[in-house]
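Printed here is work.cif (mmCIF, C-alpha atoms and all ligand atoms):
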```cif
data_upload
loop_
_atom_site.label_atom_id
_atom_site.label_comp_id
_atom_site.auth_asym_id
_atom_site.auth_seq_id
_atom_site.Cartn_x
_atom_site.Cartn_y
_atom_site.Cartn_z
CA MET A 293 111.48 115.79 178.76
CA THR A 294 109.23 118.39 180.31
CA THR A 295 105.64 118.95 179.13
CA LYS A 296 103.93 116.19 177.14
CA LYS A 297 103.96 116.95 173.43
CA SER A 298 100.98 116.32 171.17
CA PRO A 299 101.39 113.08 169.18
CA GLN A 300 101.92 114.99 165.92
CA THR A 301 104.77 117.00 167.46
CA ALA A 302 106.21 113.92 169.15
CA LEU A 303 106.43 112.19 165.76
CA ILE A 304 108.77 114.92 164.59
CA HIS A 305 110.69 115.66 167.81
CA THR A 306 111.99 112.30 169.02
CA ASP A 307 114.24 111.63 171.98
CA TYR A 308 117.02 110.26 169.79
CA GLN A 309 120.48 111.53 170.75
CA ALA A 310 122.97 111.96 167.90
CA PRO A 311 126.65 111.26 168.61
CA GLU A 312 128.66 114.18 170.05
CA GLY A 313 129.56 116.76 167.44
CA PHE A 314 126.98 115.62 164.90
CA ALA A 315 123.47 116.96 164.45
CA ALA A 316 120.84 116.04 161.86
CA PHE A 317 117.13 115.27 161.95
CA PRO A 318 117.08 111.55 161.03
CA SER A 319 117.82 108.94 163.67
CA ALA A 320 120.72 106.63 162.80
CA ILE A 321 120.24 103.18 161.28
CA HIS A 322 121.99 100.76 163.64
CA HIS A 323 122.72 97.39 162.08
CA ALA A 324 123.49 94.63 164.55
CA SER A 325 123.04 90.96 165.20
CA THR A 326 125.73 90.80 167.90
CA VAL A 327 125.64 93.58 170.45
CA LEU A 328 128.84 94.00 172.47
CA PHE A 329 129.02 94.02 176.27
CA LYS A 330 131.60 96.00 178.21
CA ASN A 331 132.30 93.07 180.55
CA VAL A 332 130.73 89.91 181.95
CA ALA A 333 128.89 91.80 184.67
CA ALA A 334 127.22 94.04 182.08
CA MET A 335 126.28 90.97 180.03
CA ARG A 336 124.76 89.28 183.12
CA SER A 337 122.82 92.34 184.31
CA GLY A 338 121.25 93.30 180.99
CA ASP A 339 117.59 92.30 180.75
CA TRP A 340 116.09 92.53 177.26
CA LYS A 341 112.57 92.55 178.71
CA GLU A 342 113.30 95.67 180.75
CA LYS A 343 114.90 97.43 177.76
CA ASN A 344 117.58 98.59 180.22
CA ALA A 345 120.38 97.38 177.95
CA TYR A 346 120.98 96.32 174.37
CA THR A 347 121.57 92.57 174.45
CA TYR A 348 121.12 91.17 170.94
CA GLY A 349 119.97 92.50 167.59
CA LEU A 350 116.74 90.50 167.75
CA HIS A 351 115.82 92.16 171.04
CA GLY A 352 116.21 95.68 169.78
CA THR A 353 118.59 98.42 168.69
CA PRO A 354 118.43 102.20 169.06
CA THR A 355 116.72 102.21 165.65
CA THR A 356 113.91 99.84 166.62
CA PHE A 357 113.50 101.28 170.14
CA THR A 358 113.02 104.75 168.63
CA LEU A 359 110.40 103.47 166.22
CA GLU A 360 108.59 101.52 168.96
CA ALA A 361 108.36 104.60 171.16
CA ARG A 362 106.91 106.69 168.35
CA LEU A 363 104.31 104.05 167.44
CA ALA A 364 103.20 103.69 171.07
CA GLU A 365 102.83 107.49 171.17
CA ILE A 366 100.48 107.53 168.16
CA GLU A 367 98.08 105.04 169.77
CA ASP A 368 98.45 106.62 173.23
CA GLY A 369 99.81 103.28 174.41
CA LYS A 370 102.88 102.51 176.51
CA TYR A 371 104.62 99.51 174.98
CA CYS A 372 105.22 98.40 171.42
CA LEU A 373 106.69 95.35 169.72
CA LEU A 374 107.69 95.24 166.06
CA ALA A 375 107.06 92.29 163.78
CA PRO A 376 108.23 91.56 160.21
CA SER A 377 104.70 92.06 158.82
CA GLY A 378 101.21 92.93 159.98
CA LEU A 379 100.29 89.27 159.77
CA ALA A 380 103.31 88.32 161.91
CA ALA A 381 102.07 90.82 164.51
CA ILE A 382 98.68 89.07 164.51
CA ALA A 383 100.39 85.69 164.93
CA MET A 384 102.50 87.07 167.81
CA VAL A 385 99.29 87.99 169.66
CA ASP A 386 97.64 84.60 169.04
CA PHE A 387 100.70 82.60 170.10
CA ALA A 388 101.14 84.75 173.21
CA LEU A 389 97.57 84.46 174.44
CA LEU A 390 96.18 81.15 173.17
CA LYS A 391 97.05 77.60 174.10
CA SER A 392 95.56 74.20 173.46
CA GLY A 393 91.99 74.10 174.86
CA ASP A 394 91.39 77.85 174.45
CA ASP A 395 88.82 79.59 172.29
CA VAL A 396 89.20 82.73 170.15
CA LEU A 397 86.45 84.81 168.53
CA LEU A 398 87.06 86.57 165.21
CA PRO A 399 84.73 88.84 163.26
CA ASP A 400 83.30 87.21 160.15
CA ASN A 401 84.70 90.10 158.07
CA VAL A 402 88.22 89.73 159.51
CA TYR A 403 91.33 90.28 157.38
CA ASN A 404 91.42 87.00 155.51
CA PRO A 405 94.93 85.79 156.53
CA ASN A 406 93.84 86.26 160.18
CA ARG A 407 90.88 83.99 159.43
CA GLU A 408 93.30 81.49 157.88
CA LEU A 409 95.46 81.62 161.02
CA GLY A 410 92.33 80.85 163.05
CA ARG A 411 91.65 77.87 160.81
CA TRP A 412 95.21 76.60 161.34
CA LEU A 413 95.01 77.03 165.12
CA SER A 414 91.76 75.04 165.04
CA ALA A 415 93.08 72.29 162.79
CA ASP A 416 96.51 71.70 164.34
CA PHE A 417 96.84 73.42 167.73
CA GLY A 418 93.76 72.40 169.72
CA VAL A 419 92.37 75.95 169.80
CA THR A 420 88.81 76.65 168.65
CA ALA A 421 88.34 79.70 166.42
CA ARG A 422 84.78 80.91 165.96
CA TYR A 423 83.49 83.74 163.78
CA TYR A 424 80.94 86.34 164.85
CA ASP A 425 78.75 88.83 163.03
CA PRO A 426 80.82 92.05 163.06
CA MET A 427 77.65 94.02 163.96
CA ILE A 428 76.96 91.84 166.99
CA GLY A 429 77.86 94.52 169.57
CA ALA A 430 76.90 93.65 173.16
CA GLY A 431 75.39 90.40 171.84
CA ILE A 432 78.89 88.95 171.81
CA ALA A 433 78.35 88.18 175.51
CA GLY A 434 76.22 85.24 174.36
CA LEU A 435 79.14 83.74 172.42
CA ILE A 436 81.75 83.93 175.17
CA LEU A 437 82.56 80.50 176.63
CA PRO A 438 84.49 79.74 179.83
CA ASN A 439 87.56 78.94 177.70
CA THR A 440 87.32 82.05 175.47
CA LYS A 441 90.58 83.97 175.93
CA LEU A 442 90.68 86.48 173.12
CA ILE A 443 88.33 88.46 170.88
CA TRP A 444 89.74 89.97 167.70
CA THR A 445 88.10 93.10 166.32
CA GLU A 446 88.74 95.03 163.14
CA ALA A 447 87.39 98.54 162.69
CA PRO A 448 86.13 98.66 160.04
CA GLY A 449 86.43 95.31 158.25
CA SER A 450 88.91 96.08 155.51
CA VAL A 451 86.84 94.69 152.61
CA SER A 452 83.17 94.93 153.58
CA MET A 453 83.66 98.00 155.85
CA GLU A 454 81.23 97.30 158.72
CA VAL A 455 82.18 99.37 161.76
CA PRO A 456 81.77 97.37 164.97
CA ASP A 457 80.51 98.70 168.31
CA LEU A 458 83.90 98.47 170.02
CA PRO A 459 82.92 99.81 173.48
CA ALA A 460 80.03 97.30 173.65
CA ILE A 461 82.27 94.39 172.62
CA CYS A 462 85.00 95.44 175.08
CA LYS A 463 82.53 95.74 177.95
CA ALA A 464 81.03 92.30 177.28
CA ALA A 465 84.53 90.82 177.01
CA HIS A 466 85.88 92.44 180.15
CA ASP A 467 82.80 91.43 182.17
CA LYS A 468 83.95 87.86 181.51
CA GLY A 469 87.70 88.45 181.78
CA VAL A 470 88.39 88.14 178.04
CA LEU A 471 91.01 90.25 176.25
CA VAL A 472 90.18 92.31 173.15
CA ALA A 473 92.64 92.90 170.32
CA LEU A 474 91.96 95.53 167.66
CA ASP A 475 93.36 95.53 164.13
CA ASN A 476 93.52 99.32 163.81
CA THR A 477 95.25 99.44 160.43
CA TRP A 478 92.44 101.24 158.57
CA SER A 479 92.69 104.32 160.78
CA ALA A 480 96.51 104.18 161.15
CA GLY A 481 95.88 104.91 164.83
CA LEU A 482 95.19 108.51 163.83
CA ALA A 483 91.41 108.36 163.53
CA LEU A 484 90.54 105.75 166.18
CA ARG A 485 91.86 105.61 169.73
CA GLY A 486 91.47 101.95 170.57
CA PHE A 487 92.64 102.07 174.19
CA ASP A 488 90.18 104.84 175.06
CA LEU A 489 87.36 102.60 173.80
CA GLY A 490 88.53 99.74 176.01
CA VAL A 491 90.65 97.47 173.80
CA ASP A 492 93.62 95.78 175.44
CA ILE A 493 95.87 95.32 172.40
CA VAL A 494 96.21 97.44 169.26
CA MET A 495 97.75 95.86 166.19
CA GLN A 496 98.96 97.86 163.18
CA ALA A 497 100.12 96.80 159.72
CA LEU A 498 102.85 99.45 159.34
CA THR A 499 103.04 98.28 155.74
CA LYS A 500 100.17 100.70 155.04
CA TYR A 501 100.04 104.37 156.08
CA GLN A 502 103.02 104.37 158.45
CA SER A 503 105.39 103.40 155.66
CA GLY A 504 103.41 105.21 152.99
CA GLY A 505 105.82 104.02 150.32
CA SER A 506 104.41 100.65 149.17
CA ASP A 507 107.93 99.36 149.73
CA VAL A 508 108.18 97.76 153.16
CA LEU A 509 106.38 95.14 155.26
CA MET A 510 106.14 95.55 159.03
CA GLY A 511 103.70 95.21 161.90
CA ALA A 512 103.34 96.40 165.47
CA VAL A 513 101.57 95.31 168.63
CA ILE A 514 100.89 98.06 171.17
CA THR A 515 99.66 97.79 174.75
CA ARG A 516 99.21 99.87 177.89
CA ASP A 517 99.40 97.04 180.40
CA ARG A 518 102.85 95.88 181.47
CA GLU A 519 101.85 92.31 182.34
CA LEU A 520 100.19 91.88 178.94
CA HIS A 521 103.19 93.42 177.20
CA ASP A 522 105.46 90.90 178.95
CA ARG A 523 103.37 87.99 177.69
CA LEU A 524 103.57 89.41 174.16
CA SER A 525 107.32 90.02 174.54
CA LEU A 526 107.87 86.34 175.30
CA SER A 527 105.98 85.33 172.17
CA HIS A 528 107.95 87.95 170.19
CA MET A 529 111.22 86.55 171.50
CA ARG A 530 110.32 82.87 171.18
CA LEU A 531 109.15 83.28 167.59
CA GLY A 532 112.25 85.30 166.70
CA MET A 533 110.34 88.29 165.38
CA GLY A 534 113.09 90.70 164.43
CA VAL A 535 112.83 93.49 161.87
CA GLY A 536 115.61 94.81 159.65
CA ALA A 537 117.24 98.11 160.57
CA ASP A 538 116.73 99.59 157.10
CA ASP A 539 113.06 98.63 157.12
CA ALA A 540 112.61 100.16 160.58
CA TYR A 541 114.18 103.33 159.26
CA LEU A 542 111.84 103.39 156.23
CA VAL A 543 108.82 103.21 158.52
CA SER A 544 110.28 105.92 160.81
CA ARG A 545 110.77 108.11 157.78
CA GLY A 546 107.07 107.94 156.93
CA LEU A 547 105.77 109.01 160.33
CA PRO A 548 106.23 112.80 160.32
CA THR A 549 104.16 113.12 157.12
CA MET A 550 101.61 110.46 158.00
CA ARG A 551 98.96 112.84 159.37
CA LEU A 552 99.10 115.03 156.26
CA ARG A 553 98.99 112.03 153.94
CA PHE A 554 96.16 110.39 155.88
CA ASP A 555 94.04 113.54 155.76
CA ALA A 556 94.69 113.92 152.03
CA HIS A 557 93.70 110.27 151.41
CA ASP A 558 90.58 110.85 153.51
CA ALA A 559 89.45 113.98 151.65
CA ALA A 560 90.06 112.40 148.24
CA ALA A 561 88.31 109.15 149.14
CA ARG A 562 85.23 110.96 150.42
CA LYS A 563 85.05 113.02 147.23
CA LEU A 564 85.37 109.93 145.08
CA ALA A 565 82.88 107.94 147.17
CA ALA A 566 80.31 110.77 146.92
CA TRP A 567 80.75 110.86 143.15
CA LEU A 568 80.38 107.08 142.91
CA GLN A 569 77.21 107.26 144.99
CA SER A 570 75.65 109.49 142.33
CA ARG A 571 76.41 107.00 139.55
CA PRO A 572 73.80 104.53 138.21
CA GLU A 573 76.49 101.81 137.86
CA ILE A 574 76.91 101.65 141.65
CA GLY A 575 74.38 99.96 143.93
CA LEU A 576 75.92 100.77 147.32
CA VAL A 577 78.92 102.72 148.57
CA LEU A 578 80.50 101.03 151.60
CA HIS A 579 82.42 103.88 153.21
CA PRO A 580 82.17 104.23 157.03
CA ALA A 581 81.62 108.01 156.76
CA PHE A 582 78.51 107.42 154.63
CA PRO A 583 75.16 106.64 156.32
CA GLU A 584 74.53 103.54 154.15
CA CYS A 585 77.57 101.78 155.58
CA PRO A 586 76.71 99.28 158.35
CA GLY A 587 78.00 100.70 161.63
CA HIS A 588 78.17 104.27 160.32
CA GLU A 589 76.77 105.44 163.70
CA HIS A 590 79.77 103.80 165.44
CA TRP A 591 82.16 105.52 163.04
CA LYS A 592 80.50 108.85 163.83
CA ARG A 593 80.74 108.27 167.55
CA ASP A 594 84.25 106.76 167.75
CA PHE A 595 86.33 107.98 164.78
CA SER A 596 87.82 111.37 163.90
CA GLY A 597 88.62 110.60 160.25
CA ALA A 598 88.57 107.94 157.56
CA GLY A 599 91.64 107.46 155.35
CA GLY A 600 91.56 106.28 151.76
CA LEU A 601 90.08 102.79 151.72
CA PHE A 602 86.47 101.94 150.88
CA SER A 603 84.41 99.54 148.78
CA VAL A 604 81.45 99.69 146.44
CA LEU A 605 78.86 97.17 145.35
CA PHE A 606 78.04 97.46 141.69
CA ASP A 607 74.40 97.55 140.70
CA GLU A 608 73.24 93.94 140.52
CA ARG A 609 72.53 94.14 136.79
CA TYR A 610 76.32 94.00 136.16
CA THR A 611 77.91 90.56 135.91
CA GLU A 612 81.35 89.67 137.25
CA GLU A 613 82.57 89.50 133.67
CA GLN A 614 81.55 93.15 133.26
CA THR A 615 83.03 94.38 136.55
CA ASP A 616 86.27 92.50 135.77
CA ARG A 617 86.30 94.43 132.49
CA PHE A 618 85.84 97.64 134.51
CA VAL A 619 88.80 96.80 136.76
CA ASP A 620 90.99 95.85 133.79
CA ALA A 621 90.10 99.11 132.01
CA LEU A 622 91.29 101.33 134.87
CA LYS A 623 94.60 103.02 134.17
CA LEU A 624 95.48 105.05 137.28
CA PHE A 625 94.02 102.51 139.70
CA LYS A 626 96.40 99.54 139.58
CA ILE A 627 95.27 96.03 140.55
CA GLY A 628 96.99 95.09 143.79
CA TYR A 629 96.58 94.28 147.48
CA SER A 630 97.37 96.59 150.35
CA TRP A 631 97.00 100.35 150.65
CA GLY A 632 98.49 103.47 152.22
CA GLY A 633 100.90 104.45 149.45
CA ALA A 634 100.73 107.33 146.98
CA ASN A 635 99.30 105.13 144.20
CA SER A 636 95.62 104.33 143.90
CA LEU A 637 94.74 100.64 143.90
CA VAL A 638 91.69 98.55 143.06
CA MET A 639 90.72 94.97 143.95
CA PRO A 640 87.58 92.94 143.20
CA TYR A 641 86.50 90.49 145.92
CA ARG A 642 84.18 87.48 145.76
CA ILE A 643 82.57 88.60 148.99
CA GLN A 644 79.70 86.08 148.76
CA HIS A 645 82.28 83.28 149.16
CA MET A 646 84.15 85.05 151.97
CA ARG A 647 81.21 85.71 154.28
CA LYS A 648 78.67 83.48 156.00
CA ASN A 649 75.51 85.59 155.67
CA TRP A 650 76.36 88.31 153.19
CA PRO A 651 73.03 90.13 152.70
CA ASN A 652 73.76 92.08 149.50
CA LYS A 653 73.76 91.45 145.78
CA GLY A 654 76.19 93.06 143.34
CA ILE A 655 79.93 92.61 142.78
CA LEU A 656 82.20 94.15 145.42
CA VAL A 657 85.17 96.24 144.32
CA ARG A 658 87.54 97.90 146.81
CA PHE A 659 89.31 101.16 146.12
CA ASN A 660 92.40 102.50 147.80
CA VAL A 661 92.50 106.19 146.96
CA GLY A 662 96.09 107.38 146.62
CA LEU A 663 97.44 110.91 146.42
CA GLU A 664 96.72 111.63 142.74
CA ASP A 665 94.41 114.51 141.75
CA VAL A 666 90.83 113.34 142.42
CA SER A 667 89.52 114.71 139.11
CA ASP A 668 91.97 112.42 137.26
CA LEU A 669 90.78 109.46 139.34
CA ILE A 670 87.13 110.27 138.56
CA ALA A 671 87.94 110.53 134.85
CA ASP A 672 89.70 107.16 135.03
CA ILE A 673 86.67 105.49 136.62
CA GLU A 674 84.32 107.18 134.16
CA GLN A 675 86.21 105.80 131.15
CA ALA A 676 86.33 102.33 132.77
CA PHE A 677 82.53 102.45 133.29
CA GLY A 678 82.35 103.06 129.54
CA ALA A 679 84.46 99.97 128.85
CA MET A 680 82.21 97.92 131.14
CA ARG A 681 78.87 98.86 129.52
C1 LIG A 701 97.62 94.58 155.37
C2 LIG A 701 96.84 94.21 156.56
C3 LIG A 701 97.32 93.30 157.49
C4 LIG A 701 98.62 92.57 157.32
O1 LIG A 701 99.71 93.36 157.04
P1 LIG A 701 100.95 92.75 156.22
O2 LIG A 701 102.07 93.64 156.62
O3 LIG A 701 100.58 92.83 154.78
O4 LIG A 701 101.14 91.35 156.70
C5 LIG A 701 96.55 93.03 158.59
N1 LIG A 701 95.34 93.61 158.77
C6 LIG A 701 94.84 94.48 157.89
C7 LIG A 701 93.50 95.07 158.14
C8 LIG A 701 95.57 94.80 156.76
O5 LIG A 701 95.07 95.63 155.88
#
```
Could you spell out this file's structure in structure tokens?
Ligand SMILES: *Cc1c(COP(=O)(O)O)cnc(C)c1O
Amino acid sequence: MTTKKSPQTALIHTDYQAPEGFAAFPSAIHHASTVLFKNVAAMRSGDWKEKNAYTYGLHGTPTTFTLEARLAEIEDGKYCLLAPSGLAAIAMVDFALLKSGDDVLLPDNVYNPNRELGRWLSADFGVTARYYDPMIGAGIAGLILPNTKLIWTEAPGSVSMEVPDLPAICKAAHDKGVLVALDNTWSAGLALRGFDLGVDIVMQALTKYQSGGSDVLMGAVITRDRELHDRLSLSHMRLGMGVGADDAYLVSRGLPTMRLRFDAHDAAARKLAAWLQSRPEIGLVLHPAFPECPGHEHWKRDFSGAGGLFSVLFDERYTEEQTDRFVDALKLFKIGYSWGGANSLVMPYRIQHMRKNWPNKGILVRFNVGLEDVSDLIADIEQAFGAMR
């Protein structure tokens, strides 16, 4: 390797070496549980942590090493570990960094299974998990206790869309020696550079934009610091977090087109959000690129794009029965969790029950804008508004 390539080019030109006499663009899918050693000395000298040898399928194959390198490149990180889902990646971080007696802070708008993991750690593992106002910013300093070890952030919250002040949170955390982990799934790592803002760990649900196919579950944990990576590696190994070779290949296959897809999702979502904002049925559009969204000023300062996921609050005159009718009437938007694939999705949330001090009225509905023609999506929503009224 000579000059450093831009991330977009590096996603397409990998360092994978095809076998002699064979050339093609895809990297090979290497299936292995057992990995063979040339002799006893080779077996004894191989160190899975150093990645200087292949030792066992769970500790990596050429297929997973290639994917890890590409994912680290996207985030401008150095090290990457793969997990069987985004949630497994979150659990890997918690089990690496928290032990009985420790304290973890999570934003009150955190991805709900992460909140549930916090509840479990509190109930059964002697860890305290506390929840903070996602707009707290530098004020988080007042919540940090001597036993606080980790602060989770999510930018933005993937249902209610507040964009936190990441540099302020990171500074307050680092002043007290606390690590910051960022769930960077919304931006796919393309529109938000977590490490540059000070976070220590970036987590991605590769299930979303990286895969792009709505057909695979995977997660990643990326770091720049070797000592931190080693702690995470131990948790990865001890919990047995392997990923299947075919799944790793599916995610790899999505990466070269991810930038184009992400930008297309972004443009379509902004068009749709602007149209929704003009509609009397909608009370508030919660899209980080729109000034009404809490933390919009942080999005403007820290992000270079937006992707396809945003929420709306219906005007408060509409009941849940009516907005459920709206969701049921949609034809192109299918009802389902997750995002990042070609198909548009919709999901109503009972946000008032999910959040401590939710200030707004009106039913929350989240849209994932896929890659369909936006005018068809607008027509679909328009006819569903009709069914609701
Ligand atoms: C989907 C998602 C996850 C979890 O990913 P899975 O692969 O579904 O477990 C975590 N965080 C956010 C913000 C997500 O959207």
- Task: Within 12 Å of (94.7, 73.4, 173.3) (coordinates as in the file), grab all the protein and nucleic acid residues, counting all atoms listed in the file, and write them out as a PyMOL selection string.
- Result: chain A and resi 387+389-396+413-421+439-441
- Query: What is the CA of Val332 in chain A to CA of Thr347 in chain A distance in Å?
  - Reply: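 Separating CA of Val332 in chain A from CA of Thr347 in chain A is a distance of 12.1 Å.
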- Message: as a list in words, please: every protein or nucleic acid residue near ligand LIG 701 (chain A) (cut-off 7 Å, counting all atoms listed in the file).
- Response: Ser377, Gly378, Leu379, Ala380, Tyr403, Glu446, Ser450, Asp475, Thr477, Trp478, Ala497, Leu498, Thr499, Lys500, Leu509, Met510, Gly511 and Ser630 of chain A
- Counting all atoms listed in the file, the residue of A:Gly369, A:Gly352, A:Pro580, A:Gly486 that sits nearest His528 in chain A: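 For His528 in chain A, the nearest of the candidates is A:Gly352.
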- Item | Among listed residues A:Ala316, A:Leu350, A:Val470, A:Met646, nearest Tyr423 in chain A (using all atoms listed in the file) | A:Met646
- Pick out the closest residue to Leu374 in chain A from this set: A:Val327, A:Leu489, A:Ala512, A:Ile432. Count all atoms listed in the file. A:Ala512
- So how many Å separate CA of Ala598 in chain A and CA of Leu564 in chain A, to one decimal?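 Between these atoms lies a distance of 13.0 Å.
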- Message: What does the structure give for the distance between CA of Val491 in chain A and CA of Asp517 in chain A, in Å to one decimal?
- Response: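 Straight-line distance from CA of Val491 in chain A to CA of Asp517 in chain A works out to 11.0 Å.
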- Query: Between A:Asp555, A:Asp668, A:Asp522, A:Glu408, which is the closest to Ala480 in chain A once you count only C-alpha atoms?
  - Reply: A:Asp555
- Message: Considering all atoms listed in the file, can you say which of A:Met453, A:Ile493, A:Ala671, A:Phe314 comes closest to Arg523 in chain A?
- Response: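 Of the candidates, the smallest distance to Arg523 in chain A is held by A:Ile493.
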- Task: Compute the distance from (82.7, 89.6, 162.9) to each atom, counting all atoms listed in the file, keep the residues with any atom at most 10 Å away, and return them as a PyMOL selection string; use the coordinates of the file.
- Result: chain A and resi 397-402+422-429+432+443-446+449+454-456+647
- Write out as a ChimeraX atom specification the residues lying within 9 Å of Ala361 in chain A, counting all atoms listed in the file and excluding same-chain residues fewer than 5 positions away. /A:306,356,366,370-372
- Query: Between A:Thr326, A:Leu656, A:Val638, A:Leu624, which is the closest to Thr611 in chain A once you count all atoms listed in the file?
  - Reply: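 Comparing A:Thr326, A:Leu656, A:Val638, A:Leu624 against Thr611 in chain A, the winner is A:Leu656.
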- Message: With only C-alpha atoms as the counted atoms, please give the residues lying no more than 8 Å from Asn476 in chain A, apart from itself and same-chain residues fewer than 3 positions off, as a list in words.
- Response: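 Near neighbours after the sequence-gap exclusion: Glu446, Ala447, Ser479, Ala480, Gly481, Leu484, Gly486, Val494, Met495 and Gln496 of chain A.
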Could those selected residues go to a file with C-alpha atoms, as an mmCIF file, in the coordinates of the input?
```cif
data_model
loop_
_atom_site.group_PDB
_atom_site.id
_atom_site.type_symbol
_atom_site.label_atom_id
_atom_site.label_comp_id
_atom_site.auth_asym_id
_atom_site.auth_seq_id
_atom_site.Cartn_x
_atom_site.Cartn_y
_atom_site.Cartn_z
ATOM 1 C CA GLU A 446 88.740 95.030 163.140
ATOM 2 C CA ALA A 447 87.390 98.540 162.690
ATOM 3 C CA SER A 479 92.690 104.320 160.780
ATOM 4 C CA ALA A 480 96.510 104.180 161.150
ATOM 5 C CA GLY A 481 95.880 104.910 164.830
ATOM 6 C CA LEU A 484 90.540 105.750 166.180
ATOM 7 C CA GLY A 486 91.470 101.950 170.570
ATOM 8 C CA VAL A 494 96.210 97.440 169.260
ATOM 9 C CA MET A 495 97.750 95.860 166.190
ATOM 10 C CA GLN A 496 98.960 97.860 163.180
#
```
Skipping near chain neighbours, those fewer than 3 positions away, what residues fall within 12 Å of Arg617 in chain A using only C-alpha atoms, listed as a PDB file with C-alpha atoms, in the frame of the given file?
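As written to disk, around.pdb reads:
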```pdb
ATOM      1  CA  TYR A 610      76.320  94.000 136.160  1.00  0.00           C
ATOM      2  CA  THR A 611      77.910  90.560 135.910  1.00  0.00           C
ATOM      3  CA  GLU A 612      81.350  89.670 137.250  1.00  0.00           C
ATOM      4  CA  GLU A 613      82.570  89.500 133.670  1.00  0.00           C
ATOM      5  CA  GLN A 614      81.550  93.150 133.260  1.00  0.00           C
ATOM      6  CA  ASP A 620      90.990  95.850 133.790  1.00  0.00           C
ATOM      7  CA  ALA A 621      90.100  99.110 132.010  1.00  0.00           C
ATOM      8  CA  LEU A 622      91.290 101.330 134.870  1.00  0.00           C
ATOM      9  CA  PRO A 640      87.580  92.940 143.200  1.00  0.00           C
ATOM     10  CA  ILE A 673      86.670 105.490 136.620  1.00  0.00           C
ATOM     11  CA  GLN A 675      86.210 105.800 131.150  1.00  0.00           C
ATOM     12  CA  ALA A 676      86.330 102.330 132.770  1.00  0.00           C
ATOM     13  CA  PHE A 677      82.530 102.450 133.290  1.00  0.00           C
ATOM     14  CA  GLY A 678      82.350 103.060 129.540  1.00  0.00           C
ATOM     15  CA  ALA A 679      84.460  99.970 128.850  1.00  0.00           C
ATOM     16  CA  MET A 680      82.210  97.920 131.140  1.00  0.00           C
ATOM     17  CA  ARG A 681      78.870  98.860 129.520  1.00  0.00           C
TER      18      ARG A 681
END
```
- Task: Give me the residues within 10 Å of Tyr629 in chain A as a PyMOL selection string, counting only C-alpha atoms and dropping any in the same chain fewer than 5 places off.
- Result: chain A and resi 637-639+658+660
Using the atoms already present, construct N, CA, C and O atoms for range 586-595 of chain A and hand them back as a JSON list (two decimals), in the frame of the given file.
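Below is the file selection.json, written as the result:
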```json
[["chain", "number", "residue", "atom", "x", "y", "z"],
["A", 586, "PRO", "N", 77.07, 99.87, 157.06],
["A", 586, "PRO", "CA", 76.71, 99.28, 158.35],
["A", 586, "PRO", "C", 77.69, 99.73, 159.44],
["A", 586, "PRO", "O", 78.90, 99.63, 159.26],
["A", 587, "GLY", "N", 77.15, 100.23, 160.53],
["A", 587, "GLY", "CA", 78.00, 100.70, 161.63],
["A", 587, "GLY", "C", 78.42, 102.14, 161.49],
["A", 587, "GLY", "O", 79.24, 102.62, 162.27],
["A", 588, "HIS", "N", 77.83, 102.85, 160.49],
["A", 588, "HIS", "CA", 78.17, 104.27, 160.32],
["A", 588, "HIS", "C", 78.02, 105.04, 161.64],
["A", 588, "HIS", "O", 78.83, 105.92, 161.96],
["A", 589, "GLU", "N", 76.99, 104.70, 162.44],
["A", 589, "GLU", "CA", 76.77, 105.44, 163.70],
["A", 589, "GLU", "C", 77.94, 105.21, 164.66],
["A", 589, "GLU", "O", 78.28, 106.09, 165.44],
["A", 590, "HIS", "N", 78.60, 104.05, 164.58],
["A", 590, "HIS", "CA", 79.77, 103.80, 165.44],
["A", 590, "HIS", "C", 80.97, 104.61, 164.94],
["A", 590, "HIS", "O", 81.76, 105.13, 165.71],
["A", 591, "TRP", "N", 81.07, 104.69, 163.61],
["A", 591, "TRP", "CA", 82.16, 105.52, 163.04],
["A", 591, "TRP", "C", 81.99, 106.96, 163.51],
["A", 591, "TRP", "O", 82.96, 107.59, 163.93],
["A", 592, "LYS", "N", 80.75, 107.46, 163.45],
["A", 592, "LYS", "CA", 80.50, 108.85, 163.83],
["A", 592, "LYS", "C", 80.83, 109.10, 165.30],
["A", 592, "LYS", "O", 81.37, 110.14, 165.66],
["A", 593, "ARG", "N", 80.53, 108.13, 166.10],
["A", 593, "ARG", "CA", 80.74, 108.27, 167.55],
["A", 593, "ARG", "C", 82.23, 108.12, 167.92],
["A", 593, "ARG", "O", 82.74, 108.85, 168.76],
["A", 594, "ASP", "N", 82.93, 107.17, 167.27],
["A", 594, "ASP", "CA", 84.25, 106.76, 167.75],
["A", 594, "ASP", "C", 85.43, 107.26, 166.92],
["A", 594, "ASP", "O", 86.56, 107.25, 167.41],
["A", 595, "PHE", "N", 85.22, 107.64, 165.68],
["A", 595, "PHE", "CA", 86.33, 107.98, 164.78],
["A", 595, "PHE", "C", 86.42, 109.49, 164.56],
["A", 595, "PHE", "O", 85.42, 110.19, 164.62]]
```
